[in-house]
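These notes are about the structure you will find just below.
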Amino acid sequence: MKDFAAIDFETANGQRSSVCSVGLVIVRNGVFTDRFYSLIKPEPDYYAWFCQRVHGLSHKDTDNAPVFPKVWRQIEPLIEGLPLVAHNSPFDEGCLKSVFQVYQMDYPDYQFLCTCQASRGHFGMRLPNHQLHTVAAACGYNLANHHHALADAEACAWIAREIL
């Protein structure tokens, strides 16, 4: 696969609509051509301790962040015509659909591909698990800042370029 957009969301709480950050990596002709990262004011706007423990974000990071529709207006032209790739894509696709619904935005029929599922097919039992950091390492990528949305999107893009 040579042209795609790898995307990753972090959420503030158990609600998929509560995206608090997004990372995006655009790949064209196999080359990383663009990167985008933004904090997002989550909706609903509260942080669950277990989410904070995973990604380290809190109100102090997002109280003055833009709301999702403003951020998506920046992303939309970058991903036009590209399939979206995510590691465990049902989660990220679910986040995107949920936040579109919360803000009553018309949801385009984005095509999502999953590097976690692709990893299971490609590596099978040769890996101890198919978590992002494990698969990234198997593909030769060192994921140093796991659960930062841009770092995770970069790892996903690397994996997609290698095995999709």
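Ligands are numbered from 1 in the order shown, chains are lettered A, B, ... in the order of the structure tokens, and residues start at 1 in each chain.
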Could you pull out all residues of region 30-120 of chain A with a DSSP call of alpha helix (DSSP H) and give them as a ChimeraX atom specification?
/A:49-55,59-62,68-79,89-102,115-120
When you look at Trp72 (chain A) with a cut-off of 12 Å (counting only C-alpha atoms), what residues show up, excluding the ones that are within fewer than 2 positions of it in the same chain? I need them as a count of residues only.
28
Can you tell me, as a PyMOL selection string, what residues are no more than 12 Å from Val27 (chain A) when counting only C-alpha atoms, ignoring any on the same chain fewer than 2 positions away?
chain A and resi 1-7+24-25+29-35+78-79+82-85+153-154+156-161
One decimal, Å: what's the distance from CA of Glu10 (chain A) over to CA of His147 (chain A), could you say?
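Between CA of Glu10 (chain A) and CA of His147 (chain A) the gap works out to 7.4 Å.
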Write out as a ChimeraX atom specification all residues of region 61-123 of chain A that backbone DSSP assigns to strand (DSSP E).
/A:84-86,112-114
Just want the 9 Å neighbourhood of Gly14 (chain A), counted on only C-alpha atoms, with same-chain residues fewer than 5 positions away dropped. Output as a PyMOL selection string.
chain A and resi 47-48+51
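One distance worth recording is that between CA of Gln15 (chain A) and CA of Gln101 (chain A), which is 12.4 Å.
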Proximity to His59 (chain A) - best of A:Ala12, A:Ala86, A:Leu127, A:Val135, only C-alpha atoms:
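Under the stated criterion, the closest residue is A:Ala12.
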Between CA of Ala144 (chain A) and CA of Asn129 (chain A), what is the spacing in Å?
18.0 Å
Name the closest residue to Val54 (chain A) among the candidates A:Gly121, A:Gln104, A:Thr11, A:Leu113; distances are taken between atoms, counting only C-alpha atoms.
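Counting only C-alpha atoms, the residue closest to Val54 (chain A) is A:Thr11.
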Nearest to Asp63 (chain A) among A:Cys20, A:Asn88, A:Leu164, A:Asn13, with distances taken over only C-alpha atoms: which residue is it?
A:Cys20
